[in-house]
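Peer 1: Supplied structure: my_file.cif, mmCIF, C-alpha atoms.
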data_entry
loop_
_atom_site.label_atom_id
_atom_site.label_comp_id
_atom_site.auth_asym_id
_atom_site.auth_seq_id
_atom_site.Cartn_x
_atom_site.Cartn_y
_atom_site.Cartn_z
CA MET A 18 -20.03 -30.78 -4.81
CA GLU A 19 -19.29 -34.38 -3.82
CA SER A 20 -16.21 -34.44 -6.06
CA TRP A 21 -14.94 -31.19 -4.55
CA ALA A 22 -15.34 -32.59 -1.04
CA GLU A 23 -13.42 -35.72 -2.01
CA ARG A 24 -10.66 -33.66 -3.59
CA PHE A 25 -10.34 -31.33 -0.59
CA ASN A 26 -10.21 -34.21 1.90
CA LYS A 27 -7.58 -35.98 -0.23
CA ASP A 28 -5.45 -32.83 -0.38
CA ALA A 29 -5.79 -32.32 3.37
CA ASP A 30 -4.83 -35.93 4.08
CA GLU A 31 -1.80 -35.67 1.80
CA ARG A 32 -0.77 -32.35 3.38
CA ASN A 33 -1.01 -30.46 0.11
CA ALA A 34 -1.35 -26.70 -0.14
CA VAL A 35 -4.71 -25.51 -1.50
CA ILE A 36 -5.85 -22.16 -2.87
CA LEU A 37 -9.59 -21.99 -3.33
CA VAL A 38 -11.62 -19.07 -4.70
CA ALA A 39 -15.26 -19.46 -3.79
CA ASN A 40 -18.47 -17.81 -2.68
CA CYS A 41 -18.85 -18.74 0.97
CA ARG A 42 -20.25 -17.98 4.41
CA ILE A 43 -18.09 -18.28 7.56
CA GLU A 44 -19.31 -19.24 11.02
CA TYR A 45 -16.97 -19.25 14.01
CA TRP A 46 -17.28 -20.34 17.66
CA GLY A 47 -14.48 -19.90 20.20
CA ARG A 48 -12.82 -16.70 21.37
CA SER A 49 -16.09 -15.09 20.31
CA ARG A 50 -19.06 -15.91 18.10
CA SER A 51 -19.00 -14.47 14.59
CA VAL A 52 -20.74 -14.89 11.24
CA VAL A 53 -19.62 -13.50 7.88
CA ASP A 54 -22.37 -13.67 5.25
CA ASP A 55 -21.99 -14.88 1.69
CA GLY A 56 -19.32 -13.31 -0.47
CA ASP A 57 -16.47 -14.15 -2.83
CA ARG A 58 -13.41 -15.13 -0.80
CA ILE A 59 -9.93 -16.61 -1.13
CA ILE A 60 -9.42 -19.68 1.07
CA ILE A 61 -5.89 -20.95 1.74
CA LEU A 62 -5.11 -24.32 3.28
CA LYS A 63 -1.48 -24.87 4.27
CA PRO A 64 0.23 -28.26 4.69
CA ASP A 65 0.25 -27.89 8.51
CA ASN A 66 -3.59 -27.52 8.52
CA THR A 67 -3.52 -23.75 8.91
CA ILE A 68 -6.58 -22.41 7.10
CA ILE A 69 -7.06 -18.73 6.26
CA VAL A 70 -10.03 -16.97 4.65
CA HIS A 71 -9.36 -13.64 2.93
CA SER A 72 -11.76 -11.09 1.51
CA LEU A 73 -10.98 -9.44 -1.82
CA THR A 74 -9.45 -6.37 -0.18
CA GLY A 75 -6.92 -5.67 2.55
CA PHE A 76 -4.24 -7.88 4.01
CA LYS A 77 -5.91 -9.09 7.21
CA PRO A 78 -7.87 -12.36 7.01
CA LEU A 79 -11.59 -12.46 7.76
CA ASN A 80 -10.92 -15.51 9.89
CA TRP A 81 -8.38 -18.27 10.34
CA MET A 82 -7.59 -21.40 12.31
CA SER A 83 -4.09 -22.34 13.32
CA PRO A 84 -2.83 -25.86 14.08
CA PRO A 85 -3.21 -28.23 15.80
CA SER A 86 -6.62 -28.78 14.27
CA ASP A 87 -8.75 -31.35 12.49
CA LEU A 88 -10.65 -30.53 9.33
CA ALA A 89 -12.93 -32.28 6.90
CA ALA A 90 -15.13 -31.39 3.95
CA THR A 91 -18.71 -32.67 3.58
CA VAL A 92 -21.72 -31.85 1.42
CA GLU A 93 -24.90 -30.58 3.08
CA ASP A 94 -27.98 -29.16 1.32
CA GLY A 95 -26.01 -29.10 -1.92
CA ASN A 96 -23.24 -26.93 -0.48
CA LEU A 97 -19.63 -27.85 0.25
CA GLN A 98 -18.90 -27.40 3.95
CA ILE A 99 -15.41 -27.32 5.42
CA PHE A 100 -15.46 -27.91 9.17
CA ILE A 101 -12.35 -27.08 11.25
CA GLN A 102 -11.98 -27.86 14.95
CA LYS A 103 -9.13 -26.97 17.28
CA THR A 104 -7.70 -30.07 18.97
CA THR A 105 -6.33 -28.18 21.97
CA THR A 106 -7.92 -25.82 24.48
CA PRO A 107 -9.35 -23.26 24.25
CA HIS A 108 -11.99 -24.89 22.06
CA GLU A 109 -12.50 -23.30 18.64
CA GLU A 110 -14.59 -24.28 15.64
CA MET A 111 -15.05 -22.77 12.19
CA LYS A 112 -17.42 -23.77 9.40
CA ILE A 113 -17.00 -22.55 5.83
CA LYS A 114 -20.18 -23.01 3.77
CA ILE A 115 -19.32 -22.87 0.06
CA LYS A 116 -22.09 -22.27 -2.49
CA GLU A 117 -19.99 -21.85 -5.63
CA ILE A 118 -16.37 -22.67 -6.49
CA GLN A 119 -14.69 -20.38 -9.01
CA ASP A 120 -11.18 -21.85 -8.89
CA TYR A 121 -9.42 -24.66 -7.05
CA ARG A 122 -5.65 -25.21 -7.09
CA SER A 123 -3.63 -27.72 -5.08
CA PHE A 124 0.14 -28.10 -4.80
CA SER A 125 2.02 -31.16 -3.57
CA ASN A 126 5.62 -31.62 -2.40
CA LEU A 127 6.18 -27.94 -1.66
CA THR A 128 9.19 -27.19 0.55
CA ASP A 129 10.37 -24.06 2.32
CA PRO A 130 13.59 -24.72 4.25
CA SER A 131 14.51 -21.05 4.60
CA LYS A 132 13.77 -19.07 7.72
CA GLN A 133 12.89 -15.41 7.88
CA LYS A 134 15.95 -13.24 8.37
CA LEU A 135 15.27 -10.48 10.84
CA THR A 136 17.21 -7.24 10.93
CA HIS A 137 17.29 -4.40 13.45
CA THR A 138 16.95 -6.79 16.39
CA GLU A 139 18.24 -6.38 19.94
CA LYS A 140 21.24 -8.48 18.92
CA ASP A 141 21.95 -5.98 16.13
CA MET A 142 21.70 -3.15 18.67
CA ARG A 143 23.98 -4.99 21.09
CA ASP A 144 26.64 -5.69 18.45
CA TYR A 145 26.48 -2.11 17.15
CA LEU A 146 26.81 -0.49 20.58
CA ALA A 147 29.54 -2.93 21.60
CA LYS A 148 31.55 -1.60 18.65
CA ASN A 149 30.49 1.99 19.34
CA PRO A 150 30.38 2.28 23.15
CA GLN A 151 30.86 6.05 22.96
CA GLU A 152 27.22 6.27 21.82
CA ILE A 153 26.20 5.00 25.25
CA ASP A 154 28.46 7.52 26.97
CA PRO A 155 31.75 9.12 25.84
CA ASN A 156 33.42 7.55 28.89
CA PHE A 157 31.72 4.15 28.78
CA ARG A 158 34.18 1.23 28.91
CA LEU A 159 32.69 -2.11 27.91
CA LYS A 160 33.53 -5.06 30.16
CA HIS A 161 31.12 -7.79 29.07
CA ILE A 162 28.53 -8.58 26.37
CA GLU A 163 25.61 -10.70 27.60
CA TYR A 164 26.90 -10.75 31.18
CA ARG A 165 25.24 -13.59 33.10
CA SER A 166 23.59 -12.61 36.37
CA PRO A 167 21.18 -14.63 38.56
CA LEU A 168 18.37 -12.44 37.20
CA GLY A 169 19.25 -12.89 33.53
CA PHE A 170 21.73 -11.57 31.00
CA PHE A 171 22.85 -7.94 31.01
CA ASP A 172 22.91 -6.90 27.34
CA LEU A 173 25.99 -4.77 27.95
CA TYR A 174 27.99 -4.31 31.14
CA GLY A 175 30.75 -1.82 31.76
CA LYS A 176 31.95 1.20 33.68
CA ILE A 177 31.75 4.97 33.42
CA GLY A 178 34.65 6.20 35.47
CA GLU A 179 34.44 4.16 38.68
CA THR A 180 30.69 3.54 38.36
CA TYR A 181 29.52 0.09 37.25
CA VAL A 182 26.83 0.27 34.57
CA VAL A 183 24.28 -2.22 33.23
CA VAL A 184 22.77 -1.41 29.83
CA GLU A 185 19.41 -2.91 28.86
CA LEU A 186 18.40 -2.80 25.17
CA LYS A 187 15.01 -2.93 23.49
CA ALA A 188 14.59 -2.92 19.71
CA GLU A 189 10.98 -1.70 20.00
CA ARG A 190 9.20 0.77 22.25
CA ALA A 191 10.08 0.00 25.85
CA GLY A 192 7.20 -0.42 28.25
CA LEU A 193 6.84 -0.84 31.99
CA PRO A 194 8.13 -4.48 31.96
CA ALA A 195 11.41 -3.30 30.40
CA ALA A 196 11.74 -0.53 33.00
CA LEU A 197 11.06 -2.97 35.86
CA GLN A 198 13.60 -5.42 34.46
CA THR A 199 16.23 -2.68 34.28
CA LYS A 200 15.45 -1.69 37.88
CA ARG A 201 15.90 -5.31 39.04
CA TYR A 202 19.27 -5.48 37.31
CA LEU A 203 20.35 -2.23 38.96
CA ASP A 204 19.20 -3.38 42.41
CA TRP A 205 21.18 -6.60 42.03
CA LEU A 206 24.24 -4.68 40.85
CA LYS A 207 24.12 -2.31 43.82
CA GLN A 208 23.93 -5.21 46.27
CA ASN A 209 26.75 -7.22 44.70
CA VAL A 210 29.43 -4.79 43.52
CA GLN A 211 29.03 -2.67 46.67
CA LYS A 212 30.25 0.32 44.70
CA GLU A 213 28.60 3.05 42.69
CA ALA A 214 26.18 1.51 40.19
CA HIS A 215 24.00 2.88 37.42
CA ALA A 216 21.63 1.53 34.75
CA ILE A 217 20.66 2.76 31.29
CA LEU A 218 17.70 1.63 29.20
CA ILE A 219 18.16 2.21 25.46
CA ALA A 220 15.24 1.91 23.03
CA PRO A 221 13.72 3.65 19.98
CA ALA A 222 10.84 4.93 22.14
CA ILE A 223 9.36 4.52 25.61
CA THR A 224 5.92 4.63 27.22
CA GLU A 225 5.09 7.39 29.68
CA ASN A 226 4.66 5.08 32.69
CA ALA A 227 7.99 3.39 31.95
CA LEU A 228 9.76 6.75 31.73
CA THR A 229 8.15 7.87 34.99
CA LEU A 230 9.52 4.79 36.78
CA LEU A 231 13.01 5.31 35.34
CA ARG A 232 13.09 8.92 36.51
CA LYS A 233 11.88 7.90 39.97
CA GLU A 234 14.64 5.27 40.25
CA LYS A 235 17.27 7.59 38.70
CA ILE A 236 17.81 5.19 35.81
CA GLY A 237 18.96 6.63 32.51
CA TYR A 238 17.00 6.44 29.27
CA GLN A 239 18.45 7.01 25.82
CA LYS A 240 16.52 7.14 22.59
CA PHE A 241 18.15 5.10 19.85
CA ASN A 242 17.49 5.27 16.12
CA ILE A 243 17.72 1.58 15.28
CA LYS A 244 17.53 2.25 11.54
CA LYS A 245 21.02 3.67 11.54
CA ILE A 246 22.43 0.18 12.08
CA PRO A 247 23.87 -0.99 8.73
CA THR A 248 22.13 -3.98 7.16
CA HIS A 249 22.85 -6.04 4.09
CA LYS A 250 21.19 -4.28 1.18
CA LEU A 251 19.14 -6.20 -1.34
CA PRO A 252 20.48 -6.02 -4.91
CA SER A 253 18.83 -3.27 -6.90
CA HIS A 254 17.36 -3.70 -10.37
CA THR A 255 19.87 -3.01 -13.12
CA THR A 256 17.05 -1.66 -15.33
CA PRO A 257 15.29 1.53 -14.17
CA LEU A 258 11.58 1.19 -13.48
CA THR A 259 10.84 3.68 -16.29
CA GLU A 260 12.36 1.25 -18.78
CA TRP A 261 10.10 -1.58 -17.57
CA THR A 262 6.96 0.50 -17.99
CA LYS A 263 7.62 1.62 -21.57
#
Please lay out the structure from this file as structure tokens.

Peer 2:
Amino acid sequence: MESWAERFNKDADERNAVILVANCRIEYWGRSRSVVDDGDRIIILKPDNTIIVHSLTGFKPLNWMSPPSDLAATVEDGNLQIFIQKTTTPHEEMKIKIKEIQDYRSFSNLTDPSKQKLTHTEKDMRDYLAKNPQEIDPNFRLKHIEYRSPLGFFDLYGKIGETYVVVELKAERAGLPAALQTKRYLDWLKQNVQKEAHAILIAPAITENALTLLRKEKIGYQKFNIKKIPTHKLPSHTTPLTEWTK
């Protein structure tokens, strides 16, 4: 096990990625206290010192430690032990006790300059509704996108007839914070335009307490199917799946 400890420490120092399949026990102290008894696991060390331990089923890790952290491998009672300690508060520690190594792979000089491309975001909603204001209201006339107010940016700002309207958008289920934010925008609008003012919260779904507040404040709510926003489609396979499986 001494050679494995030396190899792991070298890979960690050189910021290499490591995939390790081993029989191990996991002990954790921090947000709680937990122990996972011996079993075959997949251990992943990333170049930024993120370490993740997966079981052989499911997608959620058994345990993990995110950076910033320090880690080192030692040998104790004939077993390889990987000790990880969080270098910021709250204090966290994890110990991986490895009895048997089935496979060890390390990768140097890996790069990943790309960033995840998100679709169906609030920006996508904003751009879609700015081009299709009739979906807010048949008489809605858009005046500004991302209108700056002292309280923050109104996603969309316009008028329905002679009534000034602020539109708040949420790409996920709107909760009480979204309803309170919309109310604050409406209160500010009423005080500053000194004319009829209205607010509309648009989201795919809403919690019951948020909807109760909107009704109490006479603020509109509209359900929006965010999946109807066009997105760039990934290229499809030119060969049908049935041909691949022959």

Peer 1: Please report the interatomic distance between CA of Thr67 in chain A and CA of Thr91 in chain A in Å with one decimal.

Peer 2: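 Answer for the CA of Thr67 in chain A to CA of Thr91 in chain A separation: 18.4 Å.
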
Peer 1: Can you tell me, as a ChimeraX atom specification, what residues are no more than 7 Å from range 111-115 of chain A when counting only C-alpha atoms, ignoring any on the same chain fewer than 2 positions away?

Peer 2: /A:39-46,96-102,109,117

Peer 1: Rank A:Ser166, A:Ser125, A:Thr229, A:Gln239 by their smallest atom-to-atom distance to Asp204 in chain A, using only C-alpha atoms, and report the top residue only.

Peer 2: A:Ser166

Peer 1: Find the spatial neighbours of Val182 in chain A, counting all atoms listed in the file, within a cut-off of 9 Å - ignore same-chain residues fewer than 2 positions away - and output them as an NGL selection string.

Peer 2: :A and (157 or 173-177 or 180 or 184 or 203 or 206 or 213-217)

Peer 1: Between CA of Glu139 in chain A and CA of Lys212 in chain A, what is the distance, to one decimal in Å?

Peer 2: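 Pair CA of Glu139 in chain A / CA of Lys212 in chain A returns 28.3 Å.
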
Peer 1: What gap, in Å, lies between CA of Arg58 in chain A and CA of Ala29 in chain A?

Peer 2: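 Calculated distance between CA of Arg58 in chain A and CA of Ala29 in chain A is 19.3 Å.
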
Peer 1: Starting from the point (8.6, 2.5, 31.0), work out which residues of protein, DNA or RNA have an atom no more than 8 Å away when counting only C-alpha atoms; state them as a list in words.

Peer 2: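 Residues found, by chain and rising number: Ala191, Gly192, Leu193, Pro194, Ala195, Ala196, Leu197, Ile223, Thr224, Glu225, Asn226, Ala227, Leu228, Thr229, Leu230 and Leu231 of chain A.
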
Peer 1: Kindly indicate which residue among A:Arg32, A:His137, A:Arg158, A:Lys148 lies nearest to Ala220 in chain A, using all atoms listed in the file for the distances.

Peer 2: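 Under the stated criterion, the closest residue is A:His137.
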
Peer 1: Residues picked by the PyMOL selection byres ((chain A and resi 241-248) around 9) here, as a ChimeraX atom specification?

Peer 2: /A:136-138,141-142,145,188-189,219-222,239-240,249-250

Peer 1: Can you pull out every residue within 10 Å of Thr105 in chain A, counting only C-alpha atoms, but drop anything in the same chain fewer than 4 positions away, and send it as number ranges by chain?

Peer 2: A: 84-86, 109

Peer 1: Set the distance at 10 Å and use all atoms listed in the file: which residues neighbour Glu31 in chain A once local chain neighbours fewer than 6 positions away are removed? I'd like the list as a PyMOL selection string.

Peer 2: chain A and resi 25+64+125-126

Peer 1: Write out the residues from the selection above, keeping C-alpha atoms, as an mmCIF file, in the coordinates of the input.

Peer 2:
data_model
loop_
_atom_site.group_PDB
_atom_site.id
_atom_site.type_symbol
_atom_site.label_atom_id
_atom_site.label_comp_id
_atom_site.auth_asym_id
_atom_site.auth_seq_id
_atom_site.Cartn_x
_atom_site.Cartn_y
_atom_site.Cartn_z
ATOM 1 C CA PHE A 25 -10.340 -31.330 -0.590
ATOM 2 C CA PRO A 64 0.230 -28.260 4.690
ATOM 3 C CA SER A 125 2.020 -31.160 -3.570
ATOM 4 C CA ASN A 126 5.620 -31.620 -2.400
#

Peer 1: Need to verify the contact set: Pro78 in chain A, 10 Å, only C-alpha atoms, exclusion of same-chain residues closer than 6 positions in sequence. Can you return it as a PyMOL selection string?

Peer 2: chain A and resi 58-60+69-72

Peer 1: Using only C-alpha atoms, find the one residue out of A:Thr199, A:Gln151, A:Asn156, A:Asn209 that sits nearest to Phe170 in chain A.

Peer 2: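 The closest residue to Phe170 in chain A is A:Thr199.
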
Peer 1: Using only C-alpha atoms, find the one residue out of A:His108, A:Arg201, A:Arg143, A:Pro150 that sits nearest to Gly169 in chain A.

Peer 2: A:Arg201

Peer 1: Pick from A:Thr128, A:Lys116, A:Asp94, A:Asp154: nearest to Asp55 in chain A, with all atoms listed in the file counted?

Peer 2: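 Under the stated criterion, the closest residue is A:Lys116.
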